[in-house]
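Participant: Enclosed is the structure file query.cif (mmCIF, C-alpha atoms and all ligand atoms).
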data_data
#
loop_
_atom_site.label_atom_id
_atom_site.label_comp_id
_atom_site.auth_asym_id
_atom_site.auth_seq_id
_atom_site.Cartn_x
_atom_site.Cartn_y
_atom_site.Cartn_z
CA MET A 146 -37.98 47.04 37.46
CA ALA A 147 -39.56 49.46 39.96
CA ASP A 148 -42.49 50.09 37.60
CA HIS A 149 -43.55 46.43 37.55
CA HIS A 150 -46.06 44.86 39.91
CA LEU A 151 -44.85 43.02 43.00
CA GLU A 152 -45.38 39.48 41.63
CA THR A 153 -43.25 40.34 38.59
CA ARG A 154 -40.49 41.91 40.66
CA LEU A 155 -40.35 38.86 42.95
CA VAL A 156 -39.55 36.68 39.92
CA HIS A 157 -37.08 39.00 38.14
CA ASP A 158 -35.54 41.64 40.43
CA GLY A 159 -31.97 41.39 41.60
CA ILE A 160 -30.81 38.81 39.02
CA LEU A 161 -27.05 38.75 38.42
CA ARG A 162 -26.81 36.54 35.33
CA SER A 163 -23.43 34.91 34.66
CA PRO A 164 -21.84 34.72 31.17
CA PHE A 165 -23.54 31.30 30.76
CA GLY A 166 -26.95 32.96 30.55
CA GLU A 167 -28.64 30.58 33.01
CA THR A 168 -32.44 30.95 33.30
CA SER A 169 -32.63 30.25 37.02
CA GLU A 170 -30.55 32.24 39.49
CA ALA A 171 -27.11 30.64 39.97
CA LEU A 172 -25.89 29.26 43.26
CA PHE A 173 -22.40 30.68 43.83
CA LEU A 174 -21.22 28.20 46.44
CA THR A 175 -17.80 29.76 46.89
CA GLN A 176 -15.97 31.22 49.86
CA GLY A 177 -13.86 33.62 47.85
CA PHE A 178 -13.07 35.11 44.45
CA VAL A 179 -9.90 35.36 42.34
CA TYR A 180 -8.41 38.51 40.84
CA ASP A 181 -6.75 38.90 37.43
CA THR A 182 -3.92 40.92 38.90
CA ALA A 183 -2.55 42.08 42.24
CA GLU A 184 -3.65 45.57 41.20
CA ASN A 185 -7.26 44.33 40.86
CA ALA A 186 -7.12 42.82 44.35
CA GLU A 187 -5.83 46.10 45.77
CA ALA A 188 -8.52 48.12 43.98
CA ARG A 189 -11.31 45.81 45.12
CA PHE A 190 -10.18 46.00 48.75
CA ARG A 191 -10.16 49.79 48.45
CA ASN A 192 -13.71 49.66 47.11
CA GLU A 193 -12.45 51.36 43.95
CA GLU A 194 -13.69 48.65 41.61
CA PRO A 195 -16.94 46.69 41.80
CA GLY A 196 -16.95 42.97 42.50
CA PHE A 197 -16.82 40.44 45.27
CA SER A 198 -13.89 39.49 47.46
CA TYR A 199 -15.03 37.18 50.27
CA THR A 200 -18.42 35.61 51.06
CA ARG A 201 -18.38 36.84 54.66
CA TYR A 202 -18.71 40.36 53.15
CA SER A 203 -20.86 39.60 50.11
CA ASN A 204 -21.57 37.00 47.45
CA PRO A 205 -23.55 37.14 44.16
CA THR A 206 -26.28 34.70 45.31
CA ILE A 207 -26.67 36.50 48.65
CA ALA A 208 -26.70 39.86 46.83
CA MET A 209 -29.54 38.65 44.58
CA PHE A 210 -31.58 37.66 47.65
CA GLU A 211 -30.84 41.01 49.34
CA ASP A 212 -31.75 43.07 46.25
CA ARG A 213 -34.97 41.15 45.63
CA MET A 214 -35.97 41.60 49.29
CA ALA A 215 -35.18 45.34 49.16
CA SER A 216 -37.43 45.61 46.09
CA PHE A 217 -40.18 43.66 47.92
CA GLU A 218 -39.97 45.81 51.06
CA GLY A 219 -39.48 49.12 49.30
CA ALA A 220 -36.21 49.63 51.22
CA GLU A 221 -33.02 51.20 49.89
CA ALA A 222 -30.76 48.43 51.13
CA ALA A 223 -30.73 44.99 52.77
CA ARG A 224 -28.23 42.62 54.39
CA ALA A 225 -28.97 38.92 54.88
CA THR A 226 -27.87 36.96 57.95
CA ALA A 227 -27.59 33.33 59.05
CA THR A 228 -30.82 33.38 61.09
CA GLY A 229 -33.62 35.71 62.12
CA MET A 230 -32.01 36.09 65.55
CA ALA A 231 -28.72 37.14 63.92
CA ALA A 232 -30.70 39.83 62.08
CA VAL A 233 -32.46 41.11 65.23
CA THR A 234 -29.24 41.03 67.29
CA ALA A 235 -27.17 42.77 64.59
CA ALA A 236 -29.85 45.42 64.01
CA MET A 237 -30.01 46.28 67.72
CA VAL A 238 -26.35 45.88 68.76
CA SER A 239 -25.08 47.92 65.81
CA GLN A 240 -27.14 50.94 66.95
CA VAL A 241 -26.06 51.22 70.60
CA LYS A 242 -23.05 51.47 72.85
CA ALA A 243 -22.55 51.29 76.62
CA GLY A 244 -24.58 54.03 78.34
CA ASP A 245 -27.34 54.06 75.71
CA HIS A 246 -30.91 52.90 76.33
CA VAL A 247 -33.51 50.99 74.31
CA VAL A 248 -37.28 50.73 74.66
CA ALA A 249 -39.04 47.57 73.50
CA ALA A 250 -42.53 46.14 73.50
CA ARG A 251 -42.76 43.34 76.07
CA ALA A 252 -44.77 41.03 73.77
CA LEU A 253 -41.72 39.92 71.77
CA PHE A 254 -40.55 36.57 70.40
CA GLY A 255 -38.74 34.91 73.37
CA SER A 256 -35.18 35.23 72.02
CA CYS A 257 -35.73 38.85 70.87
CA ARG A 258 -36.82 39.70 74.39
CA TRP A 259 -33.66 38.05 75.78
CA VAL A 260 -31.49 40.18 73.46
CA VAL A 261 -32.92 43.46 74.77
CA GLU A 262 -33.78 42.44 78.35
CA ASP A 263 -30.70 40.34 79.26
CA PHE A 264 -27.95 40.60 76.63
CA LEU A 265 -27.81 44.37 75.95
CA PRO A 266 -27.84 45.29 79.69
CA SER A 267 -24.84 42.97 80.26
CA PHE A 268 -22.90 45.40 78.01
CA GLY A 269 -24.15 48.52 79.78
CA VAL A 270 -27.14 49.29 77.53
CA GLY A 271 -30.30 50.01 79.52
CA CYS A 272 -33.64 48.56 78.50
CA THR A 273 -37.25 49.41 79.37
CA LEU A 274 -40.05 47.05 78.36
CA VAL A 275 -43.51 48.53 77.78
CA ASP A 276 -47.01 47.41 76.88
CA GLY A 277 -46.57 48.18 73.18
CA THR A 278 -50.28 48.88 72.68
CA LYS A 279 -50.16 51.82 75.15
CA LEU A 280 -48.59 54.85 73.49
CA ASP A 281 -48.20 56.63 76.86
CA GLU A 282 -45.91 53.85 78.07
CA TRP A 283 -43.56 54.37 75.08
CA ARG A 284 -43.49 58.13 75.77
CA ALA A 285 -42.87 57.64 79.49
CA ALA A 286 -40.02 55.18 78.89
CA VAL A 287 -37.92 57.67 76.88
CA ARG A 288 -34.70 58.90 78.53
CA PRO A 289 -32.11 61.37 77.22
CA GLU A 290 -29.88 58.41 76.26
CA THR A 291 -32.62 56.45 74.43
CA LYS A 292 -31.31 55.44 70.99
CA ALA A 293 -33.58 52.68 69.68
CA PHE A 294 -37.11 51.26 69.89
CA LEU A 295 -37.99 47.65 69.01
CA LEU A 296 -41.41 46.09 68.44
CA GLU A 297 -43.10 43.17 66.78
CA THR A 298 -46.61 43.34 65.30
CA PRO A 299 -48.69 41.19 65.11
CA SER A 300 -46.93 39.76 68.13
CA ASN A 301 -45.98 36.14 68.69
CA PRO A 302 -48.07 34.30 69.81
CA SER A 303 -50.90 36.55 71.06
CA LEU A 304 -51.39 38.37 67.70
CA GLU A 305 -51.59 41.72 69.48
CA ILE A 306 -51.23 44.78 67.21
CA ILE A 307 -49.04 47.86 67.75
CA ASP A 308 -49.59 51.14 65.88
CA ILE A 309 -46.31 51.42 63.92
CA ALA A 310 -46.82 55.00 62.68
CA ALA A 311 -47.66 56.30 66.18
CA VAL A 312 -44.65 54.58 67.81
CA ALA A 313 -42.33 55.77 64.99
CA GLU A 314 -43.43 59.34 65.72
CA ILE A 315 -42.64 58.96 69.44
CA ALA A 316 -39.23 57.40 68.62
CA HIS A 317 -38.31 60.19 66.21
CA ALA A 318 -39.43 62.93 68.61
CA ALA A 319 -37.02 61.35 71.11
CA GLY A 320 -34.17 61.25 68.56
CA ALA A 321 -34.35 57.44 68.48
CA THR A 322 -34.89 54.92 65.67
CA LEU A 323 -37.66 52.31 65.38
CA THR A 324 -36.89 48.72 64.36
CA VAL A 325 -39.84 46.43 63.52
CA ASP A 326 -39.74 42.62 63.54
CA ASN A 327 -42.21 42.05 60.68
CA VAL A 328 -42.17 38.23 60.60
CA PHE A 329 -45.85 37.66 61.35
CA ALA A 330 -47.22 40.18 58.84
CA THR A 331 -44.72 39.32 56.06
CA PRO A 332 -43.68 42.07 53.61
CA LEU A 333 -46.80 41.20 51.63
CA PHE A 334 -49.22 42.59 54.22
CA GLN A 335 -47.30 45.28 56.13
CA LYS A 336 -44.65 47.79 55.10
CA PRO A 337 -43.12 49.24 58.30
CA ILE A 338 -40.73 51.61 56.48
CA ALA A 339 -43.63 53.25 54.64
CA LEU A 340 -45.30 53.65 58.06
CA GLY A 341 -42.25 55.47 59.47
CA ALA A 342 -40.00 52.71 60.83
CA ASP A 343 -36.25 53.04 60.26
CA CYS A 344 -35.34 49.38 60.09
CA VAL A 345 -37.20 46.11 59.42
CA VAL A 346 -36.00 42.63 60.33
CA TYR A 347 -37.20 39.18 59.27
CA SER A 348 -36.61 35.61 60.15
CA ALA A 349 -36.51 34.31 56.55
CA THR A 350 -36.82 30.87 58.16
CA LYS A 351 -40.58 31.45 58.31
CA HIS A 352 -42.74 32.53 55.34
CA ILE A 353 -39.82 33.51 53.08
CA ASP A 354 -38.50 29.93 52.90
CA GLY A 355 -42.07 28.80 53.56
CA GLN A 356 -41.25 25.14 53.16
CA GLY A 357 -39.41 24.45 56.40
CA ARG A 358 -35.90 23.88 54.99
CA CYS A 359 -33.34 26.56 55.85
CA LEU A 360 -32.59 29.19 58.48
CA GLY A 361 -32.02 32.77 57.41
CA GLY A 362 -32.61 36.38 58.33
CA ILE A 363 -32.51 39.82 56.75
CA ILE A 364 -32.21 43.48 57.82
CA LEU A 365 -33.72 46.21 55.59
CA SER A 366 -33.26 49.97 55.95
CA SER A 367 -31.84 53.08 54.29
CA THR A 368 -28.48 52.80 52.54
CA GLU A 369 -27.03 55.07 55.21
CA PHE A 370 -28.29 52.95 58.13
CA ILE A 371 -27.10 49.71 56.47
CA GLU A 372 -23.70 51.04 55.42
CA THR A 373 -22.79 52.99 58.55
CA LYS A 374 -24.38 50.85 61.27
CA VAL A 375 -25.20 47.31 60.11
CA GLN A 376 -22.56 46.49 57.50
CA PRO A 377 -19.43 47.10 59.65
CA PHE A 378 -20.91 44.91 62.41
CA LEU A 379 -21.84 42.06 60.03
CA ARG A 380 -18.57 42.23 58.11
CA MET A 381 -16.39 42.06 61.21
CA THR A 382 -18.41 39.67 63.38
CA GLY A 383 -19.51 37.31 60.61
CA PRO A 384 -23.12 36.04 61.08
CA SER A 385 -23.30 35.51 57.29
CA ILE A 386 -25.95 33.43 55.56
CA SER A 387 -24.75 30.45 53.53
CA PRO A 388 -25.04 31.11 49.75
CA PHE A 389 -27.01 27.84 49.59
CA ASN A 390 -29.60 29.08 52.11
CA ALA A 391 -29.73 32.48 50.38
CA TRP A 392 -30.43 30.68 47.09
CA ILE A 393 -33.34 28.75 48.67
CA MET A 394 -34.75 32.03 50.05
CA LEU A 395 -34.26 33.82 46.73
CA LYS A 396 -36.11 31.15 44.75
CA SER A 397 -38.84 30.98 47.41
CA LEU A 398 -39.61 34.68 46.94
CA GLU A 399 -40.96 33.78 43.48
CA THR A 400 -43.84 31.88 45.08
CA LEU A 401 -44.29 33.86 48.32
CA PRO A 402 -47.41 35.79 47.24
CA LEU A 403 -49.09 32.60 46.00
CA ARG A 404 -48.31 30.74 49.19
CA VAL A 405 -49.02 33.47 51.74
CA GLU A 406 -52.24 34.60 50.05
CA ARG A 407 -53.57 31.02 49.97
CA GLN A 408 -52.48 30.31 53.57
CA THR A 409 -54.12 33.56 54.70
CA ARG A 410 -57.36 32.78 52.87
CA THR A 411 -57.45 29.34 54.50
CA ALA A 412 -56.65 30.86 57.92
CA GLY A 413 -59.52 33.34 57.53
CA HIS A 414 -61.88 30.51 56.63
CA LEU A 415 -60.79 28.42 59.65
CA ALA A 416 -61.01 31.41 62.02
CA ASP A 417 -64.56 32.18 60.87
CA ALA A 418 -65.60 28.53 61.14
CA LEU A 419 -64.20 28.14 64.69
CA ALA A 420 -64.85 31.61 66.18
CA ASP A 421 -67.91 30.52 68.18
CA HIS A 422 -66.80 26.96 68.89
CA PRO A 423 -68.07 25.87 72.35
CA LYS A 424 -64.68 24.31 73.29
CA LEU A 425 -62.82 27.60 72.73
CA ALA A 426 -62.67 30.40 75.32
CA TYR A 427 -61.80 32.76 72.44
CA LEU A 428 -59.90 32.98 69.19
CA THR A 429 -57.75 35.86 67.93
CA TYR A 430 -57.26 36.41 64.21
CA PRO A 431 -56.01 39.70 62.69
CA GLY A 432 -58.27 39.25 59.65
CA ARG A 433 -61.52 39.30 61.65
CA LYS A 434 -63.64 42.33 62.52
CA ASP A 435 -63.81 41.19 66.17
CA HIS A 436 -60.02 41.59 66.64
CA PRO A 437 -59.62 44.05 69.57
CA GLN A 438 -57.45 46.34 67.41
CA ALA A 439 -59.31 45.97 64.09
CA ASP A 440 -59.08 49.76 63.51
CA ILE A 441 -55.25 49.75 63.57
CA ILE A 442 -55.18 46.63 61.38
CA ALA A 443 -57.34 48.42 58.80
CA ARG A 444 -54.82 51.30 58.76
CA GLN A 445 -51.53 49.43 58.65
CA MET A 446 -52.10 45.95 57.20
CA THR A 447 -53.37 44.87 53.80
CA GLY A 448 -54.07 41.27 54.77
CA GLY A 449 -54.75 39.11 57.82
CA SER A 450 -52.25 36.48 58.88
CA THR A 451 -51.34 32.85 58.35
CA LEU A 452 -51.53 32.45 62.15
CA ILE A 453 -54.48 32.03 64.50
CA ALA A 454 -54.37 32.09 68.32
CA LEU A 455 -56.88 29.54 69.67
CA VAL A 456 -57.57 29.58 73.42
CA VAL A 457 -58.93 26.20 74.48
CA LYS A 458 -61.21 26.10 77.55
CA GLY A 459 -59.65 24.16 80.44
CA GLY A 460 -56.05 25.44 80.31
CA LYS A 461 -52.95 23.36 79.66
CA ALA A 462 -54.55 19.91 80.14
CA GLU A 463 -57.26 20.51 77.55
CA ALA A 464 -54.89 22.36 75.18
CA PHE A 465 -52.61 19.30 75.28
CA ARG A 466 -55.61 16.97 74.73
CA PHE A 467 -56.57 19.03 71.66
CA MET A 468 -53.02 19.03 70.24
CA ASN A 469 -52.51 15.32 70.85
CA ALA A 470 -55.82 14.52 69.11
CA LEU A 471 -54.79 16.29 65.88
CA GLU A 472 -54.05 13.80 63.12
CA LEU A 473 -53.04 15.94 60.12
CA ILE A 474 -51.75 19.09 61.81
CA ARG A 475 -48.37 18.46 63.46
CA ILE A 476 -46.96 19.72 66.76
CA SER A 477 -43.89 21.93 66.16
CA ASN A 478 -42.47 25.25 67.32
CA ASN A 479 -42.00 26.50 63.76
CA LEU A 480 -44.40 28.61 61.67
CA GLY A 481 -44.95 29.87 58.15
CA ASP A 482 -44.45 26.35 56.73
CA ALA A 483 -46.38 24.63 53.93
CA LYS A 484 -47.39 22.13 56.64
CA SER A 485 -49.92 23.32 59.23
CA LEU A 486 -48.33 23.32 62.68
CA VAL A 487 -49.49 23.91 66.25
CA THR A 488 -47.45 25.20 69.18
CA HIS A 489 -48.23 25.47 72.92
CA PRO A 490 -46.24 28.64 73.70
CA ALA A 491 -46.64 28.50 77.50
CA THR A 492 -44.66 25.23 77.72
CA THR A 493 -42.25 25.71 74.79
CA THR A 494 -41.28 29.05 73.19
CA HIS A 495 -42.34 31.10 76.25
CA GLN A 496 -41.61 28.48 78.92
CA ARG A 497 -38.91 30.57 80.63
CA PHE A 498 -41.37 33.30 81.61
CA ALA A 499 -43.18 33.06 84.98
CA PRO A 500 -46.97 32.59 84.75
CA GLU A 501 -47.61 36.28 85.72
CA LEU A 502 -45.29 37.47 82.94
CA ARG A 503 -46.98 35.15 80.46
CA ALA A 504 -50.37 36.54 81.48
CA GLU A 505 -49.00 40.06 80.93
CA MET A 506 -47.78 38.99 77.47
CA GLY A 507 -51.25 37.61 76.59
CA ILE A 508 -50.27 33.93 76.76
CA PRO A 509 -52.79 31.96 78.84
CA ASP A 510 -52.17 28.22 79.42
CA GLY A 511 -54.98 27.31 77.01
CA LEU A 512 -53.42 29.20 74.08
CA VAL A 513 -52.51 27.12 71.04
CA ARG A 514 -50.86 28.91 68.11
CA LEU A 515 -51.93 27.52 64.75
CA SER A 516 -49.74 28.20 61.71
CA VAL A 517 -51.86 27.47 58.66
CA GLY A 518 -50.17 25.67 55.77
CA LEU A 519 -51.04 24.82 52.20
CA GLU A 520 -53.32 21.82 52.82
CA HIS A 521 -56.95 21.95 51.66
CA GLN A 522 -59.06 24.01 54.06
CA ALA A 523 -61.71 21.28 54.40
CA ASP A 524 -59.12 18.73 55.57
CA LEU A 525 -57.73 21.21 58.11
CA LEU A 526 -61.18 22.15 59.43
CA ALA A 527 -62.16 18.48 59.79
CA ASP A 528 -58.96 17.79 61.77
CA LEU A 529 -59.44 20.81 64.05
CA GLU A 530 -63.10 19.95 64.69
CA GLN A 531 -62.42 16.31 65.52
CA ALA A 532 -59.56 17.31 67.85
CA LEU A 533 -61.72 19.95 69.60
CA GLY A 534 -64.26 17.15 70.04
CA ALA A 535 -61.71 15.39 72.26
CA VAL A 536 -61.51 18.43 74.60
C1 LIG B 1 -38.67 32.83 64.42
C2 LIG B 1 -38.67 34.25 64.81
C3 LIG B 1 -37.47 34.92 65.06
C4 LIG B 1 -36.13 34.21 65.04
O1 LIG B 1 -35.81 33.68 63.80
P1 LIG B 1 -34.77 32.46 63.57
O2 LIG B 1 -34.66 32.37 62.09
O3 LIG B 1 -35.38 31.26 64.22
O4 LIG B 1 -33.49 32.83 64.24
C5 LIG B 1 -37.53 36.26 65.39
N1 LIG B 1 -38.70 36.92 65.47
C6 LIG B 1 -39.88 36.29 65.23
C7 LIG B 1 -41.14 37.07 65.34
C8 LIG B 1 -39.91 34.95 64.89
O5 LIG B 1 -41.08 34.33 64.66
#
Would you write the structure of this file as structure tokens?

Facilitator:
Amino acid sequence: MADHHLETRLVHDGILRSPFGETSEALFLTQGFVYDTAENAEARFRNEEPGFSYTRYSNPTIAMFEDRMASFEGAEAARATATGMAAVTAAMVSQVKAGDHVVAARALFGSCRWVVEDFLPSFGVGCTLVDGTKLDEWRAAVRPETKAFLLETPSNPSLEIIDIAAVAEIAHAAGATLTVDNVFATPLFQKPIALGADCVVYSATKHIDGQGRCLGGIILSSTEFIETKVQPFLRMTGPSISPFNAWIMLKSLETLPLRVERQTRTAGHLADALADHPKLAYLTYPGRKDHPQADIIARQMTGGSTLIALVVKGGKAEAFRFMNALELIRISNNLGDAKSLVTHPATTTHQRFAPELRAEMGIPDGLVRLSVGLEHQADLLADLEQALGAV
């Protein structure tokens, strides 16, 4: 199906139709599989005959989700996981051993930062955090034992942009790989592998489900990277996605372009309408020309974002007043949902960081992250304007 357009591939690619000829992808809610003969079981365990043996290793519904995602991303191979954090952890842990070193951008999702900053060092893997926007800092952080780079762009929640192609070049010159957490851009608007990254990870919990139901994650890379590094780790340690959750994600891919394009269009409209609002210190939106890194965005992204960073004047007290005054938009720490949601990162997702570290990560106390949903843009704008009126 590689010659079809993306929207077509997201409806048809990866289908494994059973002998019943079902129209919609089947949900294979089974732990295991039976064999006709003992010889078949032996052959399947030796990888000498195709088929499935145990859902911790693979499952037809999960395989359909993985193959459709690989088609979407333009990757050779994919492996789904129980959550986005399982995907990030597996992608990083499966590349390093004690004595190795990783370099990561400091503006990472809180739990991703814990994995590289706290967890990996406890097993003897060194870690250096850098300002991901400064290419010199990536270069200076490289050591002879550096094996992997990790970054997220646009970053959560400051919507800062990192030049993927430039960092991939530095990683490769150092003999290291680059892994990109592409949750905020979605595969619709940014293709890290085409820009030189070796591995891409997603929390499918966000825009891929898109309707706030299930947790899931996925790792995409070359067949070699997946089969030699990722697959043995996943198979033996077992952070597998439930076939039910994989089925939700698979069916959600059919509507992802419709949802994300509409949410992005609404977000662009809201960002333009609020950019000069007197109650805001500033607003950051990757789809606007006034984004500090608009030149990199033009090179590496084909769309804006469903997220806006609003910085309310008056710090935490006024940010809270604004959030509490919202009537339609709900307070949550999730994003990418059909429902518009706001988060105050300084007191929730990034609470564990000291104020100086938060400032370094671009998270002032007035910052409110808005995840734009599928509601009508006029209803959302009216709610945001009335709530800013309370500030
Ligand atoms: C949510 C998120 C994760 C973690 O995903 P889970 O599915 O919650 O485990 C990782 N990275 C980013 C950028 C996220 O937004």

Participant: Please list as an mmCIF file with C-alpha atoms, in the coordinates of the input every residue within 10 Å of A:Glu505, counting only C-alpha atoms and excluding residues in the same chain fewer than 6 positions away.

Facilitator:
data_model
loop_
_atom_site.group_PDB
_atom_site.id
_atom_site.type_symbol
_atom_site.label_atom_id
_atom_site.label_comp_id
_atom_site.auth_asym_id
_atom_site.auth_seq_id
_atom_site.Cartn_x
_atom_site.Cartn_y
_atom_site.Cartn_z
ATOM 1 C CA ARG A 251 -42.760 43.340 76.070
ATOM 2 C CA ALA A 252 -44.770 41.030 73.770
ATOM 3 C CA ASP A 276 -47.010 47.410 76.880
ATOM 4 C CA ALA A 499 -43.180 33.060 84.980
#

Participant: May I have the residues within 9 Å of ligand LIG 1 (chain B), computed using all atoms listed in the file, as number ranges by chain?

Facilitator: A: 227-233, 253-257, 297-302, 326-329, 346-351, 359-362, 478-481

Participant: Please check which residues have atoms at most 10 Å from (-29.0, 44.2, 66.9) in the file's coordinates, counting only C-alpha atoms, and write them as a ChimeraX atom specification.

Facilitator: /A:230-241,257,260-261,265,295,324,346,364,374-375,378

Participant: For a test of reading the model, state the distance in Å between atom CA of A:Ala454 and atom CA of A:Leu515, rounded to one decimal.

Facilitator: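 These two atoms are separated by 6.3 Å.
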
Participant: Which one is closest to A:Ala243: A:Thr273, A:Asn185, A:Thr291, A:Thr200? Count all atoms listed in the file.

Facilitator: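 Of all the options, A:Thr291 lies closest to A:Ala243.
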